[in-house]
Amino acid sequence: MRLLKAAACGLFVFGCHPREGRAVSIVNYAGRQAPVSLNGQQIDLLLLLHNQERSRFGSPPLAWDAGLATGAEQWAARIGGDGILEHSGVEALGENLWMGTAGHYRIEDMVGAWAEERQDFRPGRFPDVSRTGNWSAVGHYTQMIWRDTQSVGCGLYRGRTWEVLVCRYAPAGNVMGDPVP
């Protein structure tokens with residue numbers, strides 16, 4: 001059985017503050033955590049997948065931020081080890097989460113799950129940006145394409161049961177009343 005979960009940080013809902021290198025790691029969990037750096041190709045892929053979506057709307061490309069990646073890696077290891085998908089609550093940063101059954105997904109699938117929200121997205125002022133009437137149906141996607149966001153850093157956890165991808169964004173998107181993209 002393959003399971004997939006995703007969560008997007010809604011700044012005004014989850015208590016995130018509304019305005020405020022090249023290293024990322026995979027953490028292997030086999031009774032203990034052991035960080036292993038992702039290679040440049042994997043980091044480039046994460047940037048490419050984000051920037052392809054941003055280019056659809058003329059949003060400037062994101063830059064990789066190793067500091068964001070370190071924090072994302074630590075959070076991915078924590079929630080992956082616990083098997084619980086929850087936001088970190090770090091203020092001033094956007095955060096997208098993805099969780100799925102270990103060994104069944106590629107990075108393209110993980111980020112692709114967020115990008116698939118495009119089908120329900122409509123440009124507008126946040127939170128009125130979803131064809132469904134529910135902004136959370138497009139919250140990962142709006143963070144990916146948020147025009148004012150400049151950098152991203154991601155961490156990936158691979159355990160025996162779960163894989164977790166956490167991407168953090170600065171400055172945060174999904175700001176109430178701001179235009180999207």
# chains A, B, ... in the order shown; residues from 1 in each chain; ligands from 1
$ select_by_dssp --residues "segment 65-154 of chain A" --states "alpha helix (DSSP H)" --output "ChimeraX atom specification"
/A:66-82,107-115,139-145
$ closest_atom_pairs --of "segment 106-179 of chain A" --to "segment 66-89 of chain A" --cutoff "12 Å" --atoms "only C-alpha atoms" --output "CSV"
residue,atom,partner,partner_atom,distance
A:Gln150,CA,A:Leu68,CA,11.8
A:Ser151,CA,A:Leu68,CA,8.4
A:Val152,CA,A:Leu68,CA,6.6
A:Gly153,CA,A:Ala69,CA,3.8
A:Cys154,CA,A:Ala69,CA,4.5
A:Gly155,CA,A:Glu73,CA,3.7
A:Leu156,CA,A:Glu73,CA,6.0
A:Tyr157,CA,A:Ala77,CA,5.4
A:Arg158,CA,A:Gly80,CA,7.6
A:Gly159,CA,A:Gly80,CA,7.1
A:Arg160,CA,A:Gly81,CA,9.4
A:Thr161,CA,A:Gly83,CA,8.2
A:Trp162,CA,A:Gly80,CA,6.3
A:Glu163,CA,A:Gly80,CA,6.7
A:Val164,CA,A:Ala76,CA,5.8
A:Leu165,CA,A:Ala76,CA,6.3
A:Val166,CA,A:Ala72,CA,5.4
A:Cys167,CA,A:Ala72,CA,6.1
A:Arg168,CA,A:Leu68,CA,6.0
A:Tyr169,CA,A:Leu68,CA,7.4
A:Ala170,CA,A:Leu68,CA,8.2
A:Pro171,CA,A:Leu68,CA,10.9
A:Ala172,CA,A:Leu68,CA,11.9
$ write_last_selection --atoms "N, CA and C atoms" --output "mmCIF file, in the first residue's frame"
data_model
loop_
_atom_site.group_PDB
_atom_site.id
_atom_site.type_symbol
_atom_site.label_atom_id
_atom_site.label_comp_id
_atom_site.auth_asym_id
_atom_site.auth_seq_id
_atom_site.Cartn_x
_atom_site.Cartn_y
_atom_site.Cartn_z
ATOM 1 N N GLN A 150 12.087 34.423 -2.425
ATOM 2 C CA GLN A 150 13.363 34.497 -3.136
ATOM 3 C C GLN A 150 14.220 33.248 -3.005
ATOM 4 N N SER A 151 14.022 32.483 -1.934
ATOM 5 C CA SER A 151 14.905 31.335 -1.720
ATOM 6 C C SER A 151 14.145 30.151 -1.143
ATOM 7 N N VAL A 152 14.734 28.986 -1.349
ATOM 8 C CA VAL A 152 14.169 27.728 -0.877
ATOM 9 C C VAL A 152 15.307 26.842 -0.383
ATOM 10 N N GLY A 153 15.005 26.016 0.585
ATOM 11 C CA GLY A 153 15.915 24.971 1.049
ATOM 12 C C GLY A 153 15.073 23.795 1.487
ATOM 13 N N CYS A 154 15.478 22.598 1.123
ATOM 14 C CA CYS A 154 14.668 21.409 1.386
ATOM 15 C C CYS A 154 15.478 20.353 2.122
ATOM 16 N N GLY A 155 14.791 19.542 2.890
ATOM 17 C CA GLY A 155 15.383 18.396 3.560
ATOM 18 C C GLY A 155 14.537 17.171 3.297
ATOM 19 N N LEU A 156 15.199 16.043 3.132
ATOM 20 C CA LEU A 156 14.517 14.791 2.822
ATOM 21 C C LEU A 156 14.880 13.745 3.854
ATOM 22 N N TYR A 157 13.869 13.098 4.395
ATOM 23 C CA TYR A 157 14.049 12.004 5.350
ATOM 24 C C TYR A 157 13.620 10.718 4.670
ATOM 25 N N ARG A 158 14.430 9.690 4.791
ATOM 26 C CA ARG A 158 14.055 8.375 4.271
ATOM 27 C C ARG A 158 14.185 7.361 5.393
ATOM 28 N N GLY A 159 13.052 6.843 5.818
ATOM 29 C CA GLY A 159 13.029 5.841 6.868
ATOM 30 C C GLY A 159 12.557 4.510 6.326
ATOM 31 N N ARG A 160 12.372 3.562 7.215
ATOM 32 C CA ARG A 160 11.892 2.240 6.799
ATOM 33 C C ARG A 160 10.432 2.287 6.376
ATOM 34 N N THR A 161 9.662 3.176 6.967
ATOM 35 C CA THR A 161 8.229 3.262 6.696
ATOM 36 C C THR A 161 7.869 4.483 5.861
ATOM 37 N N TRP A 162 8.463 5.629 6.184
ATOM 38 C CA TRP A 162 8.077 6.898 5.579
ATOM 39 C C TRP A 162 9.236 7.590 4.893
ATOM 40 N N GLU A 163 8.883 8.385 3.898
ATOM 41 C CA GLU A 163 9.776 9.391 3.344
ATOM 42 C C GLU A 163 9.072 10.725 3.541
ATOM 43 N N VAL A 164 9.834 11.732 3.916
ATOM 44 C CA VAL A 164 9.281 13.060 4.165
ATOM 45 C C VAL A 164 10.142 14.087 3.444
ATOM 46 N N LEU A 165 9.498 14.978 2.713
ATOM 47 C CA LEU A 165 10.170 16.124 2.109
ATOM 48 C C LEU A 165 9.629 17.382 2.775
ATOM 49 N N VAL A 166 10.531 18.205 3.264
ATOM 50 C CA VAL A 166 10.186 19.508 3.822
ATOM 51 C C VAL A 166 10.927 20.555 3.007
ATOM 52 N N CYS A 167 10.200 21.524 2.471
ATOM 53 C CA CYS A 167 10.825 22.668 1.805
ATOM 54 C C CYS A 167 10.417 23.927 2.553
ATOM 55 N N ARG A 168 11.410 24.755 2.834
ATOM 56 C CA ARG A 168 11.165 26.036 3.502
ATOM 57 C C ARG A 168 11.485 27.168 2.543
ATOM 58 N N TYR A 169 10.722 28.251 2.682
ATOM 59 C CA TYR A 169 10.759 29.363 1.738
ATOM 60 C C TYR A 169 10.932 30.685 2.477
ATOM 61 N N ALA A 170 11.747 31.577 1.889
ATOM 62 C CA ALA A 170 11.936 32.906 2.462
ATOM 63 C C ALA A 170 11.949 33.936 1.334
ATOM 64 N N PRO A 171 11.292 35.058 1.581
ATOM 65 C CA PRO A 171 10.282 35.231 2.613
ATOM 66 C C PRO A 171 9.053 34.364 2.334
ATOM 67 N N ALA A 172 8.261 34.194 3.370
ATOM 68 C CA ALA A 172 7.080 33.336 3.278
ATOM 69 C C ALA A 172 6.054 33.883 2.300
#
$ residues_around --residues "Ala137 of chain A" --least-positions-apart "3" --cutoff "8 Å" --atoms "only C-alpha atoms" --output "NGL selection string"
:A and (117 or 120 or 130 or 132 or 134)
$ residues_around --residues "Ser59 of chain A" --least-positions-apart "6" --cutoff "12 Å" --atoms "only C-alpha atoms" --output "JSON, numbers by chain"
{"A": [50, 51, 52, 53, 142, 143, 144, 145, 146, 147, 148, 149, 150, 180, 181]}
$ write_last_selection --atoms "N, CA and C atoms" --output "compact mmCIF listing (two decimals), in the first residue's frame"
# COMPACT_ATOMS: atom_id res chain seq x y z
N HIS A 50 10.72 23.67 -8.85
CA HIS A 50 10.09 24.88 -8.33
C HIS A 50 10.07 25.99 -9.39
N ASN A 51 11.21 26.20 -10.02
CA ASN A 51 11.33 27.33 -10.95
C ASN A 51 10.55 27.13 -12.24
N GLN A 52 10.31 25.89 -12.64
CA GLN A 52 9.43 25.65 -13.79
C GLN A 52 8.04 26.18 -13.51
N GLU A 53 7.53 25.92 -12.33
CA GLU A 53 6.19 26.40 -11.97
C GLU A 53 6.18 27.92 -11.86
N THR A 142 0.66 27.76 -4.21
CA THR A 142 0.81 29.21 -4.10
C THR A 142 2.13 29.56 -3.42
N GLN A 143 2.57 28.76 -2.44
CA GLN A 143 3.88 29.02 -1.84
C GLN A 143 4.99 28.82 -2.87
N MET A 144 4.88 27.81 -3.70
CA MET A 144 5.90 27.56 -4.72
C MET A 144 6.05 28.74 -5.69
N ILE A 145 4.93 29.35 -6.07
CA ILE A 145 4.97 30.39 -7.11
C ILE A 145 4.92 31.81 -6.55
N TRP A 146 4.89 31.96 -5.22
CA TRP A 146 4.75 33.27 -4.59
C TRP A 146 5.84 34.21 -5.10
N ARG A 147 5.42 35.30 -5.70
CA ARG A 147 6.34 36.21 -6.39
C ARG A 147 7.43 36.77 -5.48
N ASP A 148 7.11 37.11 -4.25
CA ASP A 148 8.10 37.74 -3.36
C ASP A 148 9.05 36.74 -2.70
N THR A 149 8.76 35.46 -2.77
CA THR A 149 9.67 34.46 -2.22
C THR A 149 10.93 34.42 -3.08
N GLN A 150 12.09 34.42 -2.43
CA GLN A 150 13.36 34.50 -3.14
C GLN A 150 14.22 33.25 -3.00
N VAL A 180 -1.61 36.79 -5.80
CA VAL A 180 -0.93 35.54 -6.19
C VAL A 180 -1.12 35.38 -7.68
N PRO A 181 -0.12 35.19 -8.48
CA PRO A 181 1.28 35.12 -8.04
C PRO A 181 1.81 36.47 -7.76
$ closest_residue --among "A:Leu62, A:Leu49, A:Val129, A:Ala92" --to "Asp109 of chain A" --atoms "only C-alpha atoms"
A:Leu49
$ atom_distance --atom1 "atom CA of Arg56 of chain A" --atom2 "atom CA of Ile107 of chain A"
20.3 Å
$ select_by_dssp --residues "segment 17-172 of chain A" --states "strand (DSSP E)" --output "PDB file with C-alpha atoms, in the first residue's frame"
ATOM      1  CA  SER A  25      20.721  16.010   3.537  1.00  0.00           C
ATOM      2  CA  ILE A  26      18.849  12.775   3.474  1.00  0.00           C
ATOM      3  CA  VAL A  27      18.446  11.358   6.941  1.00  0.00           C
ATOM      4  CA  ASN A  28      18.376   7.568   7.107  1.00  0.00           C
ATOM      5  CA  TYR A  29      16.500   6.197  10.097  1.00  0.00           C
ATOM      6  CA  GLN A  33      19.623   9.213  12.341  1.00  0.00           C
ATOM      7  CA  ALA A  34      22.531   9.531   9.908  1.00  0.00           C
ATOM      8  CA  PRO A  35      22.648  12.557   7.603  1.00  0.00           C
ATOM      9  CA  VAL A  36      23.887  12.035   4.042  1.00  0.00           C
ATOM     10  CA  SER A  37      24.287  15.034   1.728  1.00  0.00           C
ATOM     11  CA  ALA A  63      17.891  30.508  -5.156  1.00  0.00           C
ATOM     12  CA  TRP A  64      19.019  27.620  -2.947  1.00  0.00           C
ATOM     13  CA  GLY A  94       6.862  29.325   4.338  1.00  0.00           C
ATOM     14  CA  GLU A  95       6.881  25.550   4.639  1.00  0.00           C
ATOM     15  CA  ASN A  96       5.597  22.765   2.402  1.00  0.00           C
ATOM     16  CA  LEU A  97       5.457  19.202   3.691  1.00  0.00           C
ATOM     17  CA  TRP A  98       5.109  15.910   1.857  1.00  0.00           C
ATOM     18  CA  MET A  99       4.988  12.371   3.287  1.00  0.00           C
ATOM     19  CA  GLY A 100       4.670   9.025   1.540  1.00  0.00           C
ATOM     20  CA  THR A 101       5.424   5.338   1.868  1.00  0.00           C
ATOM     21  CA  GLY A 124      -6.234  36.459  -7.220  1.00  0.00           C
ATOM     22  CA  ARG A 125      -5.678  37.908  -3.767  1.00  0.00           C
ATOM     23  CA  SER A 151      14.905  31.335  -1.720  1.00  0.00           C
ATOM     24  CA  VAL A 152      14.169  27.728  -0.877  1.00  0.00           C
ATOM     25  CA  GLY A 153      15.915  24.971   1.049  1.00  0.00           C
ATOM     26  CA  CYS A 154      14.668  21.409   1.386  1.00  0.00           C
ATOM     27  CA  GLY A 155      15.383  18.396   3.560  1.00  0.00           C
ATOM     28  CA  LEU A 156      14.517  14.791   2.822  1.00  0.00           C
ATOM     29  CA  TYR A 157      14.049  12.004   5.350  1.00  0.00           C
ATOM     30  CA  ARG A 158      14.055   8.375   4.271  1.00  0.00           C
ATOM     31  CA  GLY A 159      13.029   5.841   6.868  1.00  0.00           C
ATOM     32  CA  TRP A 162       8.077   6.898   5.579  1.00  0.00           C
ATOM     33  CA  GLU A 163       9.776   9.391   3.344  1.00  0.00           C
ATOM     34  CA  VAL A 164       9.281  13.060   4.165  1.00  0.00           C
ATOM     35  CA  LEU A 165      10.170  16.124   2.109  1.00  0.00           C
ATOM     36  CA  VAL A 166      10.186  19.508   3.822  1.00  0.00           C
ATOM     37  CA  CYS A 167      10.825  22.668   1.805  1.00  0.00           C
ATOM     38  CA  ARG A 168      11.165  26.036   3.502  1.00  0.00           C
ATOM     39  CA  TYR A 169      10.759  29.363   1.738  1.00  0.00           C
ATOM     40  CA  ALA A 170      11.936  32.906   2.462  1.00  0.00           C
TER      41      ALA A 170
END
$ atom_distance --atom1 "atom CA of Leu93 of chain A" --atom2 "atom CA of Gly112 of chain A"
21.0 Å
$ residues_around --residues "Glu108 of chain A" --least-positions-apart "4" --cutoff "12 Å" --atoms "only C-alpha atoms" --output "PyMOL selection string"
chain A and resi 42-50+98+104+112-116+165
$ decode --residues "segment 40-144 of chain A" --atoms "C-alpha atoms" --output "PDB file, in the first residue's frame"
ATOM      1  CA  GLY A  40      24.231  18.727  -6.715  1.00  0.00           C
ATOM      2  CA  GLN A  41      21.973  17.035  -9.268  1.00  0.00           C
ATOM      3  CA  GLN A  42      19.281  16.459  -6.654  1.00  0.00           C
ATOM      4  CA  ILE A  43      19.478  20.044  -5.424  1.00  0.00           C
ATOM      5  CA  ASP A  44      19.375  21.292  -9.010  1.00  0.00           C
ATOM      6  CA  LEU A  45      16.301  19.119  -9.598  1.00  0.00           C
ATOM      7  CA  LEU A  46      14.492  20.621  -6.599  1.00  0.00           C
ATOM      8  CA  LEU A  47      15.266  24.115  -7.897  1.00  0.00           C
ATOM      9  CA  LEU A  48      14.263  23.201 -11.444  1.00  0.00           C
ATOM     10  CA  LEU A  49      10.903  21.778 -10.370  1.00  0.00           C
ATOM     11  CA  HIS A  50      10.092  24.883  -8.333  1.00  0.00           C
ATOM     12  CA  ASN A  51      11.329  27.329 -10.953  1.00  0.00           C
ATOM     13  CA  GLN A  52       9.434  25.650 -13.794  1.00  0.00           C
ATOM     14  CA  GLU A  53       6.189  26.401 -11.974  1.00  0.00           C
ATOM     15  CA  ARG A  54       7.291  29.940 -11.123  1.00  0.00           C
ATOM     16  CA  SER A  55       8.149  30.661 -14.754  1.00  0.00           C
ATOM     17  CA  ARG A  56       4.517  29.975 -15.748  1.00  0.00           C
ATOM     18  CA  PHE A  57       3.579  33.238 -14.022  1.00  0.00           C
ATOM     19  CA  GLY A  58       6.731  35.281 -14.491  1.00  0.00           C
ATOM     20  CA  SER A  59       7.845  34.880 -10.879  1.00  0.00           C
ATOM     21  CA  PRO A  60      11.629  35.212 -10.531  1.00  0.00           C
ATOM     22  CA  PRO A  61      13.607  31.995 -10.021  1.00  0.00           C
ATOM     23  CA  LEU A  62      14.352  30.826  -6.496  1.00  0.00           C
ATOM     24  CA  ALA A  63      17.891  30.508  -5.156  1.00  0.00           C
ATOM     25  CA  TRP A  64      19.019  27.620  -2.947  1.00  0.00           C
ATOM     26  CA  ASP A  65      19.546  28.530   0.722  1.00  0.00           C
ATOM     27  CA  ALA A  66      21.704  26.091   2.696  1.00  0.00           C
ATOM     28  CA  GLY A  67      20.461  27.497   6.014  1.00  0.00           C
ATOM     29  CA  LEU A  68      16.849  26.841   5.071  1.00  0.00           C
ATOM     30  CA  ALA A  69      17.885  23.360   3.912  1.00  0.00           C
ATOM     31  CA  THR A  70      19.528  22.565   7.257  1.00  0.00           C
ATOM     32  CA  GLY A  71      16.409  23.530   9.194  1.00  0.00           C
ATOM     33  CA  ALA A  72      14.181  21.638   6.757  1.00  0.00           C
ATOM     34  CA  GLU A  73      16.391  18.554   7.069  1.00  0.00           C
ATOM     35  CA  GLN A  74      16.166  18.610  10.858  1.00  0.00           C
ATOM     36  CA  TRP A  75      12.393  18.994  10.787  1.00  0.00           C
ATOM     37  CA  ALA A  76      12.003  16.235   8.178  1.00  0.00           C
ATOM     38  CA  ALA A  77      14.014  13.872  10.395  1.00  0.00           C
ATOM     39  CA  ARG A  78      11.915  14.704  13.432  1.00  0.00           C
ATOM     40  CA  ILE A  79       8.499  14.270  11.865  1.00  0.00           C
ATOM     41  CA  GLY A  80       9.598  11.344   9.713  1.00  0.00           C
ATOM     42  CA  GLY A  81      10.942   9.502  12.733  1.00  0.00           C
ATOM     43  CA  ASP A  82       7.641  10.118  14.534  1.00  0.00           C
ATOM     44  CA  GLY A  83       5.525   9.363  11.456  1.00  0.00           C
ATOM     45  CA  ILE A  84       3.478  12.510  12.083  1.00  0.00           C
ATOM     46  CA  LEU A  85       3.045  15.193   9.420  1.00  0.00           C
ATOM     47  CA  GLU A  86       2.932  18.557  11.185  1.00  0.00           C
ATOM     48  CA  HIS A  87       4.319  22.025  10.597  1.00  0.00           C
ATOM     49  CA  SER A  88       7.284  23.312  12.568  1.00  0.00           C
ATOM     50  CA  GLY A  89       5.713  26.672  13.385  1.00  0.00           C
ATOM     51  CA  VAL A  90       8.916  28.515  12.443  1.00  0.00           C
ATOM     52  CA  GLU A  91       7.951  32.167  12.033  1.00  0.00           C
ATOM     53  CA  ALA A  92       8.668  34.201   8.913  1.00  0.00           C
ATOM     54  CA  LEU A  93       9.191  31.155   6.680  1.00  0.00           C
ATOM     55  CA  GLY A  94       6.862  29.325   4.338  1.00  0.00           C
ATOM     56  CA  GLU A  95       6.881  25.550   4.639  1.00  0.00           C
ATOM     57  CA  ASN A  96       5.597  22.765   2.402  1.00  0.00           C
ATOM     58  CA  LEU A  97       5.457  19.202   3.691  1.00  0.00           C
ATOM     59  CA  TRP A  98       5.109  15.910   1.857  1.00  0.00           C
ATOM     60  CA  MET A  99       4.988  12.371   3.287  1.00  0.00           C
ATOM     61  CA  GLY A 100       4.670   9.025   1.540  1.00  0.00           C
ATOM     62  CA  THR A 101       5.424   5.338   1.868  1.00  0.00           C
ATOM     63  CA  ALA A 102       9.173   4.688   1.826  1.00  0.00           C
ATOM     64  CA  GLY A 103      10.712   3.537  -1.432  1.00  0.00           C
ATOM     65  CA  HIS A 104       7.823   4.417  -3.744  1.00  0.00           C
ATOM     66  CA  TYR A 105       8.441   8.041  -4.712  1.00  0.00           C
ATOM     67  CA  ARG A 106      11.034  10.147  -6.497  1.00  0.00           C
ATOM     68  CA  ILE A 107      11.722  13.819  -5.813  1.00  0.00           C
ATOM     69  CA  GLU A 108       9.759  14.588  -8.980  1.00  0.00           C
ATOM     70  CA  ASP A 109       6.714  12.836  -7.499  1.00  0.00           C
ATOM     71  CA  MET A 110       7.015  14.665  -4.189  1.00  0.00           C
ATOM     72  CA  VAL A 111       7.253  18.180  -5.629  1.00  0.00           C
ATOM     73  CA  GLY A 112       4.863  17.120  -8.384  1.00  0.00           C
ATOM     74  CA  ALA A 113       2.158  16.494  -5.782  1.00  0.00           C
ATOM     75  CA  TRP A 114       2.361  20.173  -4.831  1.00  0.00           C
ATOM     76  CA  ALA A 115       2.489  21.290  -8.463  1.00  0.00           C
ATOM     77  CA  GLU A 116      -0.658  19.282  -9.281  1.00  0.00           C
ATOM     78  CA  GLU A 117      -2.600  21.776  -7.189  1.00  0.00           C
ATOM     79  CA  ARG A 118      -2.216  24.098 -10.198  1.00  0.00           C
ATOM     80  CA  GLN A 119      -5.411  22.577 -11.622  1.00  0.00           C
ATOM     81  CA  ASP A 120      -7.439  24.226  -8.832  1.00  0.00           C
ATOM     82  CA  PHE A 121      -5.442  27.476  -8.704  1.00  0.00           C
ATOM     83  CA  ARG A 122      -6.744  30.766 -10.028  1.00  0.00           C
ATOM     84  CA  PRO A 123      -4.822  34.047  -9.763  1.00  0.00           C
ATOM     85  CA  GLY A 124      -6.234  36.459  -7.220  1.00  0.00           C
ATOM     86  CA  ARG A 125      -5.678  37.908  -3.767  1.00  0.00           C
ATOM     87  CA  PHE A 126      -4.861  35.380  -1.098  1.00  0.00           C
ATOM     88  CA  PRO A 127      -6.885  33.482   0.149  1.00  0.00           C
ATOM     89  CA  ASP A 128      -9.313  33.817  -2.785  1.00  0.00           C
ATOM     90  CA  VAL A 129      -7.091  31.777  -5.125  1.00  0.00           C
ATOM     91  CA  SER A 130      -8.823  28.414  -5.477  1.00  0.00           C
ATOM     92  CA  ARG A 131     -11.483  27.200  -7.870  1.00  0.00           C
ATOM     93  CA  THR A 132     -12.721  24.989  -5.024  1.00  0.00           C
ATOM     94  CA  GLY A 133     -13.259  27.949  -2.703  1.00  0.00           C
ATOM     95  CA  ASN A 134     -10.759  26.435  -0.250  1.00  0.00           C
ATOM     96  CA  TRP A 135      -7.282  27.983  -0.363  1.00  0.00           C
ATOM     97  CA  SER A 136      -5.750  24.937   1.326  1.00  0.00           C
ATOM     98  CA  ALA A 137      -6.443  23.006  -1.900  1.00  0.00           C
ATOM     99  CA  VAL A 138      -3.724  25.141  -3.544  1.00  0.00           C
ATOM    100  CA  GLY A 139      -1.591  26.272  -0.587  1.00  0.00           C
ATOM    101  CA  HIS A 140       1.519  24.282  -1.540  1.00  0.00           C
ATOM    102  CA  TYR A 141       1.320  25.576  -5.072  1.00  0.00           C
ATOM    103  CA  THR A 142       0.807  29.209  -4.097  1.00  0.00           C
ATOM    104  CA  GLN A 143       3.879  29.020  -1.844  1.00  0.00           C
ATOM    105  CA  MET A 144       5.902  27.558  -4.723  1.00  0.00           C
TER     106      MET A 144
END
